[in-house]
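Asker: After the structure tokens below, expect a handful of questions from me.
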Amino acid sequence: MKTTERDDGDPQNLFENVKKRLCSCSPDLRITPNVEAILKMPVRELHVSLPIRMDDGSIQVFQGFRVQYNDARGPMKGGVRYHPDQTIDTIRGLASIMTWKCALHNLPLGGAKGGIVCNPKKMSKLELERLTREYIQRIYHIIGPDRDTPAPDVYTDAQTMAWMMDEYSKISQKTTFGVTTGKPVALGGSEGRTDATAMGGWYIVREAAREIPLPLPTATAAIQGFGNVGSNAALIGSEQFGCRIVAVSDSTGGVMNPAGLDVRALLAHKQKTGSVREFPGSGPISNRDLLRLPVDILIPAALENVITATNVEAVKAKIVAEFANGPIDSEADSILHKKKILVIPDILCNGGGVIASYFEMVQNYNLDHWEKEEVYRRIEKKMMEAYRAVVELSSPNKVPMRQAAYVIAVARVVEAMRLRGWL
Ligand code: GLU
């Protein structure tokens, strides 16, 4: 089995990078080393092994985790990721990011993240279902609507959340919609949850573009990643914000058309062929070259560490909007700031997903169902509040938006810890 630990000195170690961001707030907030030590560690993590009967009759053992980072502001909240390359430090980093994201958007939630080391692309639907159910059996005792609520992340979706909810409900002997979010709408899911991350991201890009000023109807964008977030970012960006999407890529390669891609047709092509490659009317582009395009807006919407010290000099976009979690490592981050490229940080930019999840929790508590327009309206309001708070702090002091976002989020978590008597 591959190792799940990563060297602390690795510049691509997400957990270490998030800790650095956290510590950079300490002088501003006068955080003492003891408090900093609390903020730098998850309160609980569970490692489970999941033996699964594969379709060929063999047994394979998968490794799973649930990291609960901090629940000072409310129950733990965060997605579950299925990916062959993830490590416990990636999940710790992502759980930490969830804590600051929920705090920045003023949700009464803490932060958590889960994951299973597996390659869903090489597994059947039944194998994935068995794996998901086994995972819930093993983490059952630490999750629940008022404890910790999983949600979709990379390579998990509404179906995964439906299986999780069902397994949890079977064990507890009562249908418990609120144990997961991002469920199918027919099963307690919220309208608008699937495209909420992308929609929320564009609300923020729209505001940032206005400041530059950069009129979106004449702007160009390139999107790295064409999963749930990337594909919806392309669709919403082109159809609702009038942006020209000139390039997109997925894990197999990319496509480009300087005149703009027909995103709807591209989605149909991906559905039919399994990748964006060889989309009629487009030329090929590698993931590497996509990041160097002279576009107005660059949207990393897949995994962490795609912009690093090795390729950051080649980035030419005016805005880099982090629709993914942690796509820019800390070295690259400071270089982008020096290059005067505006970085919209993940905890601000991709908060639409967890905001919609929170609204799903509220609807589940009340057995209620809101219209899509209502969900979007509320997401936009929350995103704008966070955006204004970040800009208010970052603009006059000329500090990067990420620094301002962390200062606001960490201050809120520390205040909750103080009020609860933890400090
Ligand atoms: N996985 C998403 C994120 O990283 C959503 C988490 C959630 O809805 O709980 O923000």
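Following the order of the structure tokens, first chain is A, next is B, and so on, with residues numbered from 1 inside each chain and ligands from 1 in the order they appear.
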Do you know which residues are within 6 Å of ligand 1 using only C-alpha atoms and all ligand atoms? Can you write them as a list in words?

Answerer: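 The residues within 6 Å of ligand 1, counting only C-alpha atoms and all ligand atoms, are Lys77, Gly78, Gly79, Pro150, Ala151, Pro152, Asp153, Gly351, Gly353, Val354 and Ser357 of chain A.
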
Asker: Based on DSSP run over this structure's backbone, return all residues of region 207-256 of chain A in strand (DSSP E or B), as a PyMOL selection string.

Answerer: chain A and resi 220-224+244-250+253-256

Asker: Output the selection as a compact mmCIF listing (two decimals), in the first residue's frame - all heavy atoms for each residue.

Answerer:
# COMPACT_ATOMS: atom_id res chain seq x y z
N THR A 220 -11.63 37.00 -21.27
CA THR A 220 -11.37 35.61 -21.63
C THR A 220 -11.01 34.82 -20.36
O THR A 220 -10.44 35.38 -19.42
CB THR A 220 -10.18 35.50 -22.61
OG1 THR A 220 -9.06 36.17 -22.04
CG2 THR A 220 -10.52 36.10 -23.97
N ALA A 221 -11.35 33.53 -20.37
CA ALA A 221 -11.03 32.70 -19.19
C ALA A 221 -10.55 31.33 -19.63
O ALA A 221 -10.97 30.81 -20.66
CB ALA A 221 -12.26 32.56 -18.30
N ALA A 222 -9.65 30.76 -18.84
CA ALA A 222 -9.20 29.38 -19.04
C ALA A 222 -9.46 28.63 -17.74
O ALA A 222 -9.24 29.16 -16.65
CB ALA A 222 -7.72 29.35 -19.38
N ILE A 223 -9.94 27.40 -17.86
CA ILE A 223 -10.35 26.64 -16.68
C ILE A 223 -9.61 25.31 -16.64
O ILE A 223 -9.68 24.52 -17.59
CB ILE A 223 -11.88 26.40 -16.69
CG1 ILE A 223 -12.60 27.76 -16.74
CG2 ILE A 223 -12.31 25.59 -15.48
CD1 ILE A 223 -14.09 27.70 -16.81
N GLN A 224 -8.90 25.10 -15.55
CA GLN A 224 -8.16 23.84 -15.39
C GLN A 224 -8.99 22.92 -14.52
O GLN A 224 -9.26 23.22 -13.36
CB GLN A 224 -6.79 24.15 -14.76
CG GLN A 224 -5.82 23.01 -14.81
CD GLN A 224 -5.61 22.37 -13.44
OE1 GLN A 224 -6.12 22.84 -12.44
NE2 GLN A 224 -4.85 21.31 -13.43
N ARG A 244 -15.75 34.73 -22.34
CA ARG A 244 -15.33 33.81 -23.42
C ARG A 244 -14.41 32.76 -22.81
O ARG A 244 -13.31 33.07 -22.36
CB ARG A 244 -14.63 34.61 -24.51
CG ARG A 244 -14.23 33.81 -25.71
CD ARG A 244 -14.23 34.68 -26.98
NE ARG A 244 -13.63 35.99 -26.77
CZ ARG A 244 -12.38 36.34 -27.12
NH1 ARG A 244 -11.59 35.47 -27.69
NH2 ARG A 244 -11.93 37.57 -26.89
N ILE A 245 -14.86 31.50 -22.80
CA ILE A 245 -14.03 30.41 -22.23
C ILE A 245 -13.16 29.88 -23.38
O ILE A 245 -13.65 29.20 -24.28
CB ILE A 245 -14.91 29.28 -21.65
CG1 ILE A 245 -16.03 29.83 -20.75
CG2 ILE A 245 -14.04 28.24 -20.93
CD1 ILE A 245 -15.60 30.53 -19.49
N VAL A 246 -11.88 30.22 -23.35
CA VAL A 246 -11.02 29.88 -24.49
C VAL A 246 -10.32 28.54 -24.33
O VAL A 246 -9.88 27.94 -25.32
CB VAL A 246 -9.97 30.99 -24.78
CG1 VAL A 246 -10.65 32.27 -25.21
CG2 VAL A 246 -9.06 31.22 -23.58
N ALA A 247 -10.20 28.04 -23.11
CA ALA A 247 -9.53 26.74 -22.93
C ALA A 247 -10.03 26.06 -21.66
O ALA A 247 -10.31 26.73 -20.66
CB ALA A 247 -8.02 26.93 -22.83
N VAL A 248 -10.16 24.75 -21.73
CA VAL A 248 -10.44 23.96 -20.52
C VAL A 248 -9.62 22.67 -20.61
O VAL A 248 -9.22 22.25 -21.69
CB VAL A 248 -11.94 23.57 -20.34
CG1 VAL A 248 -12.84 24.77 -20.34
CG2 VAL A 248 -12.39 22.55 -21.35
N SER A 249 -9.39 22.07 -19.45
CA SER A 249 -8.66 20.80 -19.46
C SER A 249 -9.25 19.87 -18.41
O SER A 249 -9.91 20.31 -17.47
CB SER A 249 -7.18 21.03 -19.19
OG SER A 249 -7.02 21.56 -17.89
N ASP A 250 -9.03 18.57 -18.61
CA ASP A 250 -9.33 17.61 -17.54
C ASP A 250 -8.07 16.78 -17.31
O ASP A 250 -7.00 17.12 -17.84
CB ASP A 250 -10.58 16.76 -17.87
CG ASP A 250 -10.43 15.96 -19.15
OD1 ASP A 250 -9.28 15.69 -19.55
OD2 ASP A 250 -11.45 15.59 -19.75
N GLY A 253 -6.11 15.84 -20.59
CA GLY A 253 -5.59 16.83 -21.54
C GLY A 253 -6.57 17.98 -21.69
O GLY A 253 -7.55 18.04 -20.94
N GLY A 254 -6.28 18.89 -22.63
CA GLY A 254 -7.14 20.06 -22.73
C GLY A 254 -7.49 20.42 -24.16
O GLY A 254 -6.93 19.87 -25.12
N VAL A 255 -8.45 21.35 -24.28
CA VAL A 255 -8.83 21.86 -25.60
C VAL A 255 -8.88 23.37 -25.55
O VAL A 255 -9.13 23.97 -24.50
CB VAL A 255 -10.21 21.31 -26.05
CG1 VAL A 255 -10.10 19.87 -26.46
CG2 VAL A 255 -11.27 21.50 -24.97
N MET A 256 -8.68 23.96 -26.75
CA MET A 256 -8.60 25.41 -26.80
C MET A 256 -9.24 25.93 -28.08
O MET A 256 -9.15 25.28 -29.13
CB MET A 256 -7.13 25.76 -26.75
CG MET A 256 -6.84 27.10 -27.28
SD MET A 256 -5.23 27.59 -26.72
CE MET A 256 -5.37 29.29 -27.15

Asker: Can you pull out the residues contacting Asp296 (chain A)? Cut-off 12 Å, using only C-alpha atoms, and skip same-chain residues under 3 positions away; I want them as a PyMOL selection string.

Answerer: chain A and resi 205+208-209+212-223+243-247+291-293+299+315-321+341-342

Asker: Measure the distance from CA of Leu46 (chain A) to CA of Phe65 (chain A) in Å and round it to one decimal.

Answerer: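 CA of Leu46 (chain A) sits 5.5 Å away from CA of Phe65 (chain A).
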
Asker: Could you pull out the helix (DSSP H, G or I) residues of region 78-116 of chain A from DSSP and send them as a ChimeraX atom specification?

Answerer: /A:88-104

Asker: Which residue gives the smallest distance to Asp368 (chain A) among A:Gln68, A:Ser124, A:Thr32, A:Ser190, with only C-alpha atoms counted?

Answerer: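 Among A:Gln68, A:Ser124, A:Thr32, A:Ser190, it is A:Ser190 that comes nearest to Asp368 (chain A).
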
Asker: Got a sec: who's within 8 Å of region 374-382 of chain A, counting only C-alpha atoms, leaving out chain neighbours fewer than 4 positions off, as a list in words?

Answerer: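 The residues that qualify are His105, Glu191, Gly192, Ala196, Gly200, Tyr203, Gly352, Ile355, Ala356, Phe359, Trp370 and Ala386 of chain A.
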
Asker: With only C-alpha atoms as the counted atoms, please give the residues lying no more than 12 Å from Ile59 (chain A), apart from itself and same-chain residues fewer than 5 positions off, as a list of chain:residue names.

Answerer: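 Final neighbour list, sorted by chain and number: A:Leu50, A:Pro51, A:Ile52, A:Arg53, A:Met54, A:Glu127, A:Arg130, A:Leu131.
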
Asker: Got a sec: who's within 10 Å of Phe226 (chain A), counting only C-alpha atoms, leaving out chain neighbours fewer than 2 positions off, as a list in words?

Answerer: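 My reading of the contact set: Ile223, Gln224, Asn228, Val229, Gly230, Ser231, Asn232, Ala233, Ala234, Val248, Ser249, Asp250, Ser251, Gly254, Leu267, Lys270, Ser275, Val276, Pro300, Ala301 and Ala302 of chain A.
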
Asker: Tell me, as a PyMOL selection string, which residues lie within 12 Å of Thr310 (chain A), counting only C-alpha atoms; anything in the same chain fewer than 5 positions away does not count.

Answerer: chain A and resi 11-12+288+291+305+315+328-329+331-332+335

Asker: For a test of reading the model, state the distance in Å between CA of Asn106 (chain A) and CA of Ala324 (chain A), rounded to one decimal.

Answerer: 20.0 Å

Asker: Go through A:Gln63, A:Asn350, A:Thr87, A:Gln173 one by one, measure the shortest atom-to-atom distance of each to Trp202 (chain A) using only C-alpha atoms, and give the residue with the smallest value.

Answerer: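 Looking at the shortest contact to Trp202 (chain A), the residue is A:Asn350.
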
Asker: Pick the closest to Met41 (chain A) from A:Lys101, A:His141, A:Arg92, A:His269: which is it, counting only C-alpha atoms?

Answerer: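 Between A:Lys101, A:His141, A:Arg92, A:His269, the residue approaching Met41 (chain A) most closely is A:Arg92.
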
Asker: Have a look at A:Val362, A:Met164, A:Leu107, A:Leu39 and name the one nearest to Cys25 (chain A); count only C-alpha atoms.

Answerer: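 Looking at the shortest contact to Cys25 (chain A), the residue is A:Leu39.
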
Asker: Between CA of Lys113 (chain A) and CA of Ala162 (chain A), what is the distance, to one decimal in Å?

Answerer: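 Taking CA of Lys113 (chain A) as the start and CA of Ala162 (chain A) as the end point, the length is 17.7 Å.
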
Asker: From the list A:Tyr358, A:Met401, A:His369, A:Pro75, which residue is nearest Ala186 (chain A) when using only C-alpha atoms?

Answerer: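 Between A:Tyr358, A:Met401, A:His369, A:Pro75, the residue approaching Ala186 (chain A) most closely is A:His369.
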
Asker: With distances taken over only C-alpha atoms, which of A:Pro27, A:Gly201, A:Pro42, A:Gly144 is nearest to Thr176 (chain A)?

Answerer: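 Among A:Pro27, A:Gly201, A:Pro42, A:Gly144, it is A:Gly144 that comes nearest to Thr176 (chain A).
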